[in-house]
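Asker: File input-v2.cif below, mmCIF, C-alpha atoms:
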```
data_my_file
#
loop_
_atom_site.label_atom_id
_atom_site.label_comp_id
_atom_site.auth_asym_id
_atom_site.auth_seq_id
_atom_site.Cartn_x
_atom_site.Cartn_y
_atom_site.Cartn_z
CA MET D 1 28.91 91.69 65.42
CA THR D 2 30.66 92.93 62.26
CA PRO D 3 28.70 93.23 58.98
CA ALA D 4 30.62 90.21 57.64
CA GLY D 5 29.65 88.27 60.74
CA VAL D 6 25.98 89.13 60.23
CA ALA D 7 26.19 88.01 56.59
CA ALA D 8 27.86 84.77 57.61
CA ARG D 9 25.12 84.12 60.15
CA VAL D 10 22.55 84.47 57.35
CA LEU D 11 24.41 81.73 55.48
CA GLY D 12 24.09 79.53 58.55
CA VAL D 13 27.76 79.56 59.64
CA ALA D 14 29.45 81.24 62.61
CA ALA D 15 31.90 83.16 60.40
CA PHE D 16 33.09 83.17 56.81
CA LYS D 17 35.84 80.69 56.04
CA PRO D 18 38.86 81.45 53.84
CA ALA D 19 37.63 79.41 50.88
CA TYR D 20 34.59 77.62 49.47
CA LEU D 21 34.14 75.29 46.52
CA ILE D 22 30.52 74.93 45.37
CA HIS D 23 30.20 72.41 42.54
CA GLY D 24 27.79 69.94 40.97
CA ASP D 25 25.25 69.45 38.20
CA ASP D 26 22.37 71.33 39.87
CA HIS D 27 23.15 74.52 37.95
CA GLY D 28 20.10 76.37 39.23
CA ARG D 29 21.04 75.83 42.86
CA ILE D 30 24.68 76.80 42.18
CA GLY D 31 23.58 80.02 40.45
CA GLU D 32 21.26 80.76 43.35
CA ARG D 33 24.06 80.33 45.90
CA LYS D 34 26.40 82.52 43.87
CA ALA D 35 23.82 85.32 43.62
CA ARG D 36 23.07 85.07 47.33
CA LEU D 37 26.74 85.24 48.30
CA ARG D 38 27.31 88.20 46.00
CA ALA D 39 24.42 90.09 47.56
CA LEU D 40 25.67 89.32 51.07
CA ALA D 41 29.22 90.37 50.15
CA GLU D 42 28.06 93.71 48.73
CA ARG D 43 25.85 94.28 51.75
CA SER D 44 28.61 93.55 54.28
CA SER D 45 31.66 95.06 52.54
CA GLY D 46 30.32 97.25 49.74
CA ALA D 47 31.14 97.01 46.05
CA GLY D 48 34.80 97.80 46.79
CA GLY D 49 35.14 94.66 48.88
CA LEU D 50 34.02 92.31 46.12
CA GLU D 51 35.93 91.05 43.10
CA LEU D 52 34.14 88.92 40.52
CA LEU D 53 36.04 86.70 38.07
CA GLU D 54 33.97 85.31 35.19
CA GLY D 55 34.49 84.15 31.59
CA ASP D 56 38.00 84.70 30.25
CA ALA D 57 38.96 86.49 33.46
CA SER D 58 38.41 83.27 35.42
CA SER D 59 41.62 81.22 35.80
CA PRO D 60 43.67 79.78 38.68
CA GLU D 61 46.33 82.41 38.07
CA ALA D 62 43.81 85.27 38.11
CA ALA D 63 42.23 83.89 41.29
CA ALA D 64 45.66 83.68 42.95
CA THR D 65 46.45 87.26 41.91
CA ALA D 66 43.13 88.48 43.32
CA LEU D 67 43.86 86.77 46.63
CA SER D 68 47.27 88.38 47.00
CA ALA D 69 46.29 91.84 45.75
CA MET D 70 46.43 94.74 48.15
CA THR D 71 43.25 96.77 48.47
CA PHE D 72 42.01 99.71 50.51
CA ALA D 73 38.59 98.16 51.07
CA MET D 74 37.25 98.21 54.61
CA GLY D 75 36.09 94.96 56.17
CA ARG D 76 36.21 91.50 54.70
CA ARG D 77 37.19 90.98 51.05
CA PHE D 78 35.31 88.55 48.82
CA VAL D 79 36.59 86.98 45.61
CA ILE D 80 33.89 85.13 43.65
CA VAL D 81 35.17 82.94 40.84
CA ASP D 82 32.86 81.38 38.26
CA GLY D 83 33.58 78.80 35.55
CA VAL D 84 35.89 76.63 37.65
CA GLU D 85 34.67 73.54 35.78
CA ARG D 86 36.95 74.61 32.88
CA TRP D 87 40.12 74.47 34.98
CA LYS D 88 42.69 71.65 34.89
CA ASP D 89 44.73 70.11 37.69
CA ALA D 90 47.96 71.08 35.93
CA ASP D 91 47.01 74.78 36.10
CA LEU D 92 46.37 74.94 39.86
CA GLU D 93 49.91 75.66 41.09
CA PRO D 94 49.53 79.47 41.45
CA LEU D 95 46.25 79.08 43.36
CA ALA D 96 47.68 76.27 45.50
CA ALA D 97 50.49 78.60 46.62
CA ALA D 98 47.99 81.38 47.44
CA LEU D 99 45.72 79.05 49.40
CA ALA D 100 48.64 77.59 51.37
CA ASP D 101 48.69 80.83 53.37
CA PRO D 102 45.38 82.61 52.65
CA PRO D 103 45.29 86.32 53.52
CA PRO D 104 43.30 87.29 56.61
CA ASP D 105 39.81 88.77 56.28
CA THR D 106 39.48 87.38 52.74
CA THR D 107 37.10 84.76 51.38
CA ILE D 108 37.36 83.15 47.96
CA ALA D 109 34.33 81.28 46.63
CA LEU D 110 34.81 78.99 43.62
CA PHE D 111 31.77 77.91 41.59
CA ALA D 112 31.81 74.97 39.16
CA ARG D 113 28.77 74.01 37.06
CA GLU D 114 29.53 70.42 36.23
CA ASP D 115 28.02 68.37 33.43
CA GLY D 116 29.08 64.89 32.32
CA ARG D 117 32.85 64.88 32.03
CA VAL D 118 33.14 68.63 32.62
CA LYS D 119 34.04 68.85 36.30
CA ALA D 120 36.03 70.92 38.74
CA PRO D 121 39.67 69.77 39.01
CA ALA D 122 40.00 66.78 41.32
CA LYS D 123 42.77 68.44 43.37
CA LEU D 124 40.84 71.64 44.00
CA ALA D 125 38.64 70.23 46.76
CA GLY D 126 41.74 69.17 48.68
CA LEU D 127 43.30 72.63 48.35
CA VAL D 128 40.16 74.31 49.64
CA THR D 129 39.83 71.91 52.58
CA LYS D 130 43.52 72.26 53.49
CA ALA D 131 43.10 76.05 53.53
CA GLY D 132 40.39 75.67 56.17
CA GLY D 133 37.51 76.03 53.75
CA ASP D 134 34.38 74.07 52.87
CA VAL D 135 33.40 72.00 49.83
CA ALA D 136 29.70 71.72 48.96
CA ALA D 137 28.27 69.48 46.24
CA GLU D 138 24.97 70.58 44.69
CA ARG D 139 23.68 67.63 42.71
CA THR D 140 20.36 66.84 41.08
CA LEU D 141 18.64 63.88 42.64
CA LYS D 142 17.00 60.86 41.07
CA PRO D 143 13.18 60.81 41.42
CA ARG D 144 13.27 58.04 44.01
CA GLU D 145 15.64 60.11 46.17
CA LEU D 146 13.56 63.28 46.20
CA PRO D 147 10.98 62.41 48.93
CA ARG D 148 13.75 61.63 51.40
CA TRP D 149 15.54 64.84 50.43
CA VAL D 150 12.36 66.85 50.99
CA VAL D 151 11.90 65.29 54.44
CA GLU D 152 15.50 66.17 55.36
CA ARG D 153 15.24 69.74 54.06
CA GLY D 154 11.97 70.11 55.92
CA ARG D 155 13.73 69.05 59.12
CA GLU D 156 16.23 71.85 58.55
CA GLN D 157 13.25 74.23 58.42
CA GLN D 158 12.00 72.72 61.71
CA LEU D 159 9.15 70.95 59.92
CA ALA D 160 8.19 67.31 60.43
CA LEU D 161 7.06 65.88 57.08
CA ASP D 162 6.36 62.22 56.46
CA THR D 163 6.93 60.52 53.11
CA PRO D 164 3.34 60.99 51.80
CA ALA D 165 3.58 64.72 52.58
CA ALA D 166 6.93 64.95 50.78
CA ARG D 167 5.51 63.16 47.73
CA GLY D 168 2.52 65.47 47.75
CA LEU D 169 4.78 68.52 47.71
CA ILE D 170 6.74 67.09 44.77
CA ARG D 171 3.47 66.45 42.92
CA HIS D 172 2.40 70.09 43.38
CA VAL D 173 5.73 71.81 42.83
CA GLY D 174 7.70 69.52 40.53
CA ASP D 175 11.16 68.04 40.98
CA ARG D 176 13.28 71.24 40.91
CA GLN D 177 15.07 71.32 44.23
CA GLN D 178 15.21 75.12 44.42
CA ARG D 179 11.44 75.39 43.99
CA LEU D 180 10.88 72.67 46.60
CA MET D 181 13.07 74.59 49.04
CA ARG D 182 11.11 77.79 48.45
CA GLU D 183 7.84 75.97 49.13
CA LEU D 184 9.24 74.43 52.32
CA GLU D 185 10.29 77.88 53.47
CA LYS D 186 6.79 79.21 52.75
CA ILE D 187 5.20 76.34 54.68
CA ALA D 188 7.58 76.94 57.61
CA LEU D 189 6.59 80.61 57.70
CA GLY D 190 2.92 79.70 57.58
CA LEU D 191 2.93 76.96 60.23
CA GLY D 192 5.81 78.00 62.48
CA PRO D 193 8.72 75.96 63.90
CA GLY D 194 8.07 72.45 65.13
CA ALA D 195 4.96 71.92 62.99
CA LYS D 196 4.00 68.43 61.85
CA VAL D 197 2.95 68.63 58.20
CA SER D 198 0.48 66.12 56.77
CA ALA D 199 -0.19 65.36 53.13
CA GLU D 200 -3.56 67.10 53.47
CA GLN D 201 -1.87 70.27 54.75
CA VAL D 202 0.58 70.16 51.84
CA ASP D 203 -2.37 70.03 49.46
CA GLU D 204 -3.86 73.09 51.14
CA LEU D 205 -0.64 75.11 51.42
CA ALA D 206 1.20 74.24 48.21
CA ALA D 207 -1.67 74.35 45.75
CA SER D 208 -2.95 77.65 44.41
CA SER D 209 -6.50 78.77 45.16
CA SER D 210 -7.57 78.06 41.58
CA GLU D 211 -5.95 74.63 41.63
CA ARG D 212 -7.80 73.65 44.81
CA LYS D 213 -11.11 74.79 43.31
CA VAL D 214 -10.50 72.73 40.17
CA TRP D 215 -9.93 69.64 42.29
CA SER D 216 -12.99 70.43 44.37
CA LEU D 217 -15.05 70.81 41.20
CA ALA D 218 -13.87 67.46 39.85
CA ASP D 219 -14.46 65.73 43.20
CA ALA D 220 -17.95 67.22 43.45
CA LEU D 221 -18.79 65.74 40.04
CA VAL D 222 -17.49 62.31 41.08
CA ALA D 223 -19.64 62.53 44.22
CA GLY D 224 -22.68 63.65 42.21
CA ASP D 225 -22.97 66.98 44.07
CA VAL D 226 -24.32 69.23 41.31
CA SER D 227 -24.80 72.26 43.59
CA ALA D 228 -21.17 72.32 44.76
CA ALA D 229 -19.87 71.56 41.25
CA THR D 230 -21.84 74.47 39.77
CA ARG D 231 -20.65 76.85 42.49
CA PHE D 232 -16.98 75.97 41.91
CA LEU D 233 -17.43 76.27 38.14
CA LEU D 234 -18.88 79.77 38.37
CA GLU D 235 -16.15 80.91 40.80
CA LEU D 236 -13.41 79.59 38.52
CA ARG D 237 -14.92 81.19 35.43
CA ALA D 238 -15.20 84.50 37.32
CA GLN D 239 -11.46 84.22 38.05
CA GLY D 240 -10.79 83.97 34.31
CA GLU D 241 -10.14 80.21 34.08
CA ARG D 242 -10.62 78.88 30.53
CA LEU D 243 -13.10 76.07 29.94
CA PRO D 244 -10.76 73.72 27.98
CA GLY D 245 -8.31 73.63 30.90
CA LEU D 246 -11.08 72.95 33.40
CA THR D 247 -12.54 70.24 31.19
CA PHE D 248 -9.17 68.48 30.95
CA ALA D 249 -8.77 68.34 34.75
CA ILE D 250 -12.37 67.17 35.27
CA VAL D 251 -12.15 64.41 32.66
CA ARG D 252 -8.87 63.15 34.14
CA ARG D 253 -10.48 62.75 37.58
CA LEU D 254 -13.65 61.19 36.13
CA ARG D 255 -11.60 58.65 34.19
CA GLU D 256 -9.74 57.80 37.38
CA ALA D 257 -13.04 57.39 39.22
CA HIS D 258 -14.52 55.28 36.41
CA ASP D 259 -11.48 53.00 36.52
CA VAL D 260 -11.85 52.60 40.29
CA ALA D 261 -15.56 51.80 39.88
CA GLN D 262 -14.81 49.14 37.27
CA ARG D 263 -12.16 47.51 39.42
CA LEU D 264 -14.40 47.43 42.48
CA ALA D 265 -17.24 45.99 40.39
CA ALA D 266 -14.85 43.30 39.11
CA GLY D 267 -14.13 42.16 42.67
CA GLU D 268 -10.93 43.95 43.65
CA SER D 269 -10.76 44.91 47.30
CA VAL D 270 -10.71 48.49 48.52
CA ALA D 271 -7.19 47.91 49.88
CA GLN D 272 -5.91 46.72 46.49
CA VAL D 273 -7.40 49.70 44.67
CA LYS D 274 -6.15 52.19 47.25
CA ALA D 275 -2.59 50.83 47.11
CA SER D 276 -2.44 51.45 43.35
CA LEU D 277 -3.66 55.07 43.46
CA ARG D 278 -0.89 57.66 43.17
CA MET D 279 -2.26 60.14 45.69
CA PRO D 280 -2.16 60.76 49.46
CA SER D 281 -3.98 58.20 51.60
CA PHE D 282 -6.72 60.62 52.69
CA ALA D 283 -7.40 61.62 49.07
CA ALA D 284 -7.60 57.96 47.98
CA ASP D 285 -10.06 57.21 50.79
CA ARG D 286 -12.26 60.12 49.73
CA LEU D 287 -12.21 59.16 46.05
CA ILE D 288 -13.09 55.53 46.77
CA ALA D 289 -15.92 56.57 49.09
CA ASP D 290 -17.36 58.90 46.43
CA VAL D 291 -17.08 56.21 43.76
CA ARG D 292 -18.82 53.57 45.90
CA ALA D 293 -21.78 55.92 46.32
CA ARG D 294 -22.32 55.80 42.53
CA ASP D 295 -21.93 53.11 39.87
CA VAL D 296 -19.95 52.41 36.70
CA ASP D 297 -22.76 53.48 34.35
CA ALA D 298 -23.27 56.81 36.14
CA LEU D 299 -19.58 57.64 35.84
CA ARG D 300 -19.55 56.55 32.19
CA ARG D 301 -22.46 58.92 31.48
CA ALA D 302 -20.57 61.69 33.30
CA LEU D 303 -17.61 61.16 30.96
CA GLU D 304 -19.92 61.32 27.95
CA ALA D 305 -21.40 64.60 29.20
CA MET D 306 -17.92 66.09 29.59
CA ALA D 307 -16.95 64.91 26.12
CA GLY D 308 -19.93 66.88 24.77
CA LEU D 309 -18.78 69.93 26.76
CA GLU D 310 -15.30 69.64 25.26
CA VAL D 311 -16.79 69.78 21.78
CA ALA D 312 -18.90 72.80 22.76
CA SER D 313 -15.89 74.61 24.25
CA ARG D 314 -14.11 74.32 20.90
CA GLY D 315 -16.90 76.04 18.98
CA GLY D 316 -18.97 72.96 18.23
CA GLY D 317 -22.16 74.06 19.96
CA THR D 318 -24.88 76.73 19.71
CA LEU D 319 -25.03 77.65 23.42
CA SER D 320 -22.66 79.99 25.26
CA GLU D 321 -19.70 78.31 26.99
CA ASP D 322 -21.03 78.96 30.49
CA THR D 323 -24.53 77.69 29.69
CA ALA D 324 -23.12 74.57 28.04
CA ALA D 325 -20.85 74.00 31.05
CA VAL D 326 -23.63 74.25 33.61
CA LEU D 327 -25.85 71.88 31.61
CA ALA D 328 -22.96 69.42 31.23
CA LEU D 329 -22.27 69.50 34.98
CA GLN D 330 -25.93 68.80 35.72
CA ALA D 331 -25.85 65.81 33.37
CA ALA D 332 -22.51 64.56 34.76
CA ALA D 333 -23.56 64.85 38.43
#
```
For the structure just supplied, provide its representation as structure tokens.
Answerer:
Amino acid sequence: MTPAGVAARVLGVAAFKPAYLIHGDDHGRIGERKARLRALAERSSGAGGLELLEGDASSPEAAATALSAMTFAMGRRFVIVDGVERWKDADLEPLAAALADPPPDTTIALFAREDGRVKAPAKLAGLVTKAGGDVAAERTLKPRELPRWVVERGREQQLALDTPAARGLIRHVGDRQQRLMRELEKIALGLGPGAKVSAEQVDELAASSSERKVWSLADALVAGDVSAATRFLLELRAQGERLPGLTFAIVRRLREAHDVAQRLAAGESVAQVKASLRMPSFAADRLIADVRARDVDALRRALEAMAGLEVASRGGGTLSEDTAAVLALQAAA
């Protein structure tokens, strides 16, 4: 297989096509694809086989000239054109003529970062398709569309994720599609092809070690397990975690637990409470079980103890931070 063929296989296609149009409002993903193609082009054909048109040098006429230029480069030629969103339909005639009979062993890739009314010319997609090329839209998704997108991208990585697992990944990683893809790739490497990924596995694989320990510390306090809570606290402090950040995470989980306790005490069913919690099913079951083993007053006192620790962590106490933290955990648990 030729170097260009190897590079094309990396992109997931059998061979490079004459033309590509990559456009949309997901600028990060478009920039990522451009950088990846440039690296592949340089690897397969060398710097002499790549021409890059950016800024003022980017125009339909310049792109047409680059396509028709004679070169002494060996292998496939690549022309990468940025800033296509500034072009107009009326200016496309030179490029249309060049694409009507594209030169052999040449690929032109056109990148358009769209925003509002700033878009690639409407006719350009048709010219690329007619030349035997591909058009790819990279668009940001609405929040409600992201879980489905994650499930589909996971399938491409030979992973079987359900909707709770996809939502868990979004909660850990955020809504940037590039970051979600990187995490899916990491999970695929860790679990291997064909793996079924649960929400609990996502929590284990996507969260950092420190993040998991913070959750474990907060959950230990809700459950009243002072020994485990103290152990996690000391490990986190040894890793350099600051007390104000730990206190914030602990208080957030205690408030959530206190709210659950109040609702259960007021007569709401476990099913009603669980349905309203924005967390994976297994995590909701664990939280509710821990809360039911305590009572509203105990959780209220735990919150008061953590409020005192927050004051101490901001210089309002006479004890060292670590001593104040251990005493507060004992009172809270």
Asker: Counting all atoms listed in the file, find the residues whose atoms lie at most 8 Å from (37.3, 73.8, 53.6) (file coordinates) and write them out as a PyMOL selection string.
Answerer: chain D and resi 17-21+125+128-135
Asker: Next, the residues of the selection above should be written as a PDB file, in the coordinates of the input with C-alpha atoms.
Answerer:
```pdb
ATOM      1  CA  LYS D  17      35.840  80.690  56.040  1.00  0.00           C
ATOM      2  CA  PRO D  18      38.860  81.450  53.840  1.00  0.00           C
ATOM      3  CA  ALA D  19      37.630  79.410  50.880  1.00  0.00           C
ATOM      4  CA  TYR D  20      34.590  77.620  49.470  1.00  0.00           C
ATOM      5  CA  LEU D  21      34.140  75.290  46.520  1.00  0.00           C
ATOM      6  CA  ALA D 125      38.640  70.230  46.760  1.00  0.00           C
ATOM      7  CA  VAL D 128      40.160  74.310  49.640  1.00  0.00           C
ATOM      8  CA  THR D 129      39.830  71.910  52.580  1.00  0.00           C
ATOM      9  CA  LYS D 130      43.520  72.260  53.490  1.00  0.00           C
ATOM     10  CA  ALA D 131      43.100  76.050  53.530  1.00  0.00           C
ATOM     11  CA  GLY D 132      40.390  75.670  56.170  1.00  0.00           C
ATOM     12  CA  GLY D 133      37.510  76.030  53.750  1.00  0.00           C
ATOM     13  CA  ASP D 134      34.380  74.070  52.870  1.00  0.00           C
ATOM     14  CA  VAL D 135      33.400  72.000  49.830  1.00  0.00           C
TER      15      VAL D 135
END
```
Asker: Determine, counting all atoms listed in the file, which protein, DNA and RNA residues have an atom within 8 Å of an atom of Lys119 (chain D); residues of the same chain fewer than 6 positions away are not included. Present the result as a list in words.
Answerer: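 Close residues of Lys119 (chain D): Gly24, Glu85, Arg86, Ala112 and Arg113 of chain D.
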Asker: Neighbouring residues of region 90-101 of chain D were defined as those with any atom within 6 Å, considering all atoms listed in the file; residues of the same chain fewer than 5 positions away were excluded. Please report them as a list in words.
Answerer: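 Final neighbour list, sorted by chain and number: Pro60, Glu61, Ala64 and Ala131 of chain D.
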Asker: I'd like the interatomic distance between CA of Ala298 (chain D) and CA of Glu241 (chain D), to a tenth of an Å.
Answerer: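 Atom-to-atom, CA of Ala298 (chain D) to CA of Glu241 (chain D), that is 26.9 Å.
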Asker: Written as a PyMOL selection string, what is the full residue list that the PyMOL selection byres ((chain D and resi 248-260) around 8) yields on the file shown?
Answerer: chain D and resi 214-215+217-219+221-222+244-247+261-264+273+287-288+291+296+299-300+302-303+306
Asker: For this structure, which residues satisfy the selection - the PyMOL selection byres ((chain D and resi 181-188) around 10) - when it is evaluated on the file as given? I want them as a PyMOL selection string.
Answerer: chain D and resi 150-151+153-159+166+169-170+172-173+176-180+189-195+197+201-202+205-206
Asker: What does the distance between CA of Glu32 (chain D) and CA of Ala137 (chain D) come to in Å, to one decimal place?
Answerer: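 Rounded to one decimal, the two atoms are 13.6 Å apart.
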Asker: Identify, on the basis of all atoms listed in the file, every residue whose closest approach to region 74-84 of chain D does not exceed 8 Å; exclude the query and any residue fewer than 6 positions from it along the same chain; express the result as JSON, numbers by chain.
Answerer: {"D": [4, 34, 38, 41, 44, 45, 49, 50, 51, 52, 53, 54, 55, 58, 59, 63, 66, 67, 105, 106, 107, 108, 109, 110, 111, 112, 113, 120, 121]}
Asker: Neighbours of Asp225 (chain D) within 12 Å (all atoms listed in the file; same-chain residues fewer than 2 positions away dropped), as a list in words?
Answerer: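 Once the nearby chain positions are removed, what remains is Ser216, Leu217, Ala218, Asp219, Ala220, Leu221, Val222, Ala223, Ser227, Ala228, Ala229, Thr230, Arg231, Phe232, Asp290, Ala293, Arg294, Leu329, Gln330, Ala331, Ala332 and Ala333 of chain D.
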Asker: Grab the CA of Ala305 (chain D) to CA of Leu327 (chain D) distance for me, in Å with one decimal place.
Answerer: 8.9 Å
Asker: I need the residue set behind the PyMOL selection byres ((chain D and resi 138) around 7) for this file; please write it as JSON, numbers by chain.
Answerer: {"D": [23, 24, 25, 26, 29, 30, 136, 137, 139, 140]}
Asker: Name all residues at most 10 Å from Ala39 (chain D) (count only C-alpha atoms; drop same-chain ones fewer than 6 positions away) and give them as a PDB file with C-alpha atoms, keeping the file's coordinate frame.
Answerer:
```
ATOM      1  CA  ALA D   7      26.190  88.010  56.590  1.00  0.00           C
ATOM      2  CA  ARG D  33      24.060  80.330  45.900  1.00  0.00           C
ATOM      3  CA  GLY D  46      30.320  97.250  49.740  1.00  0.00           C
ATOM      4  CA  ALA D  47      31.140  97.010  46.050  1.00  0.00           C
ATOM      5  CA  LEU D  50      34.020  92.310  46.120  1.00  0.00           C
TER       6      LEU D  50
END
```
Asker: Could you check which of D:Ala271, D:Ala328, D:Phe282, D:Thr163 is closest to Glu304 (chain D), using only C-alpha atoms?
Answerer: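 Closest to Glu304 (chain D) of all the choices is D:Ala328.
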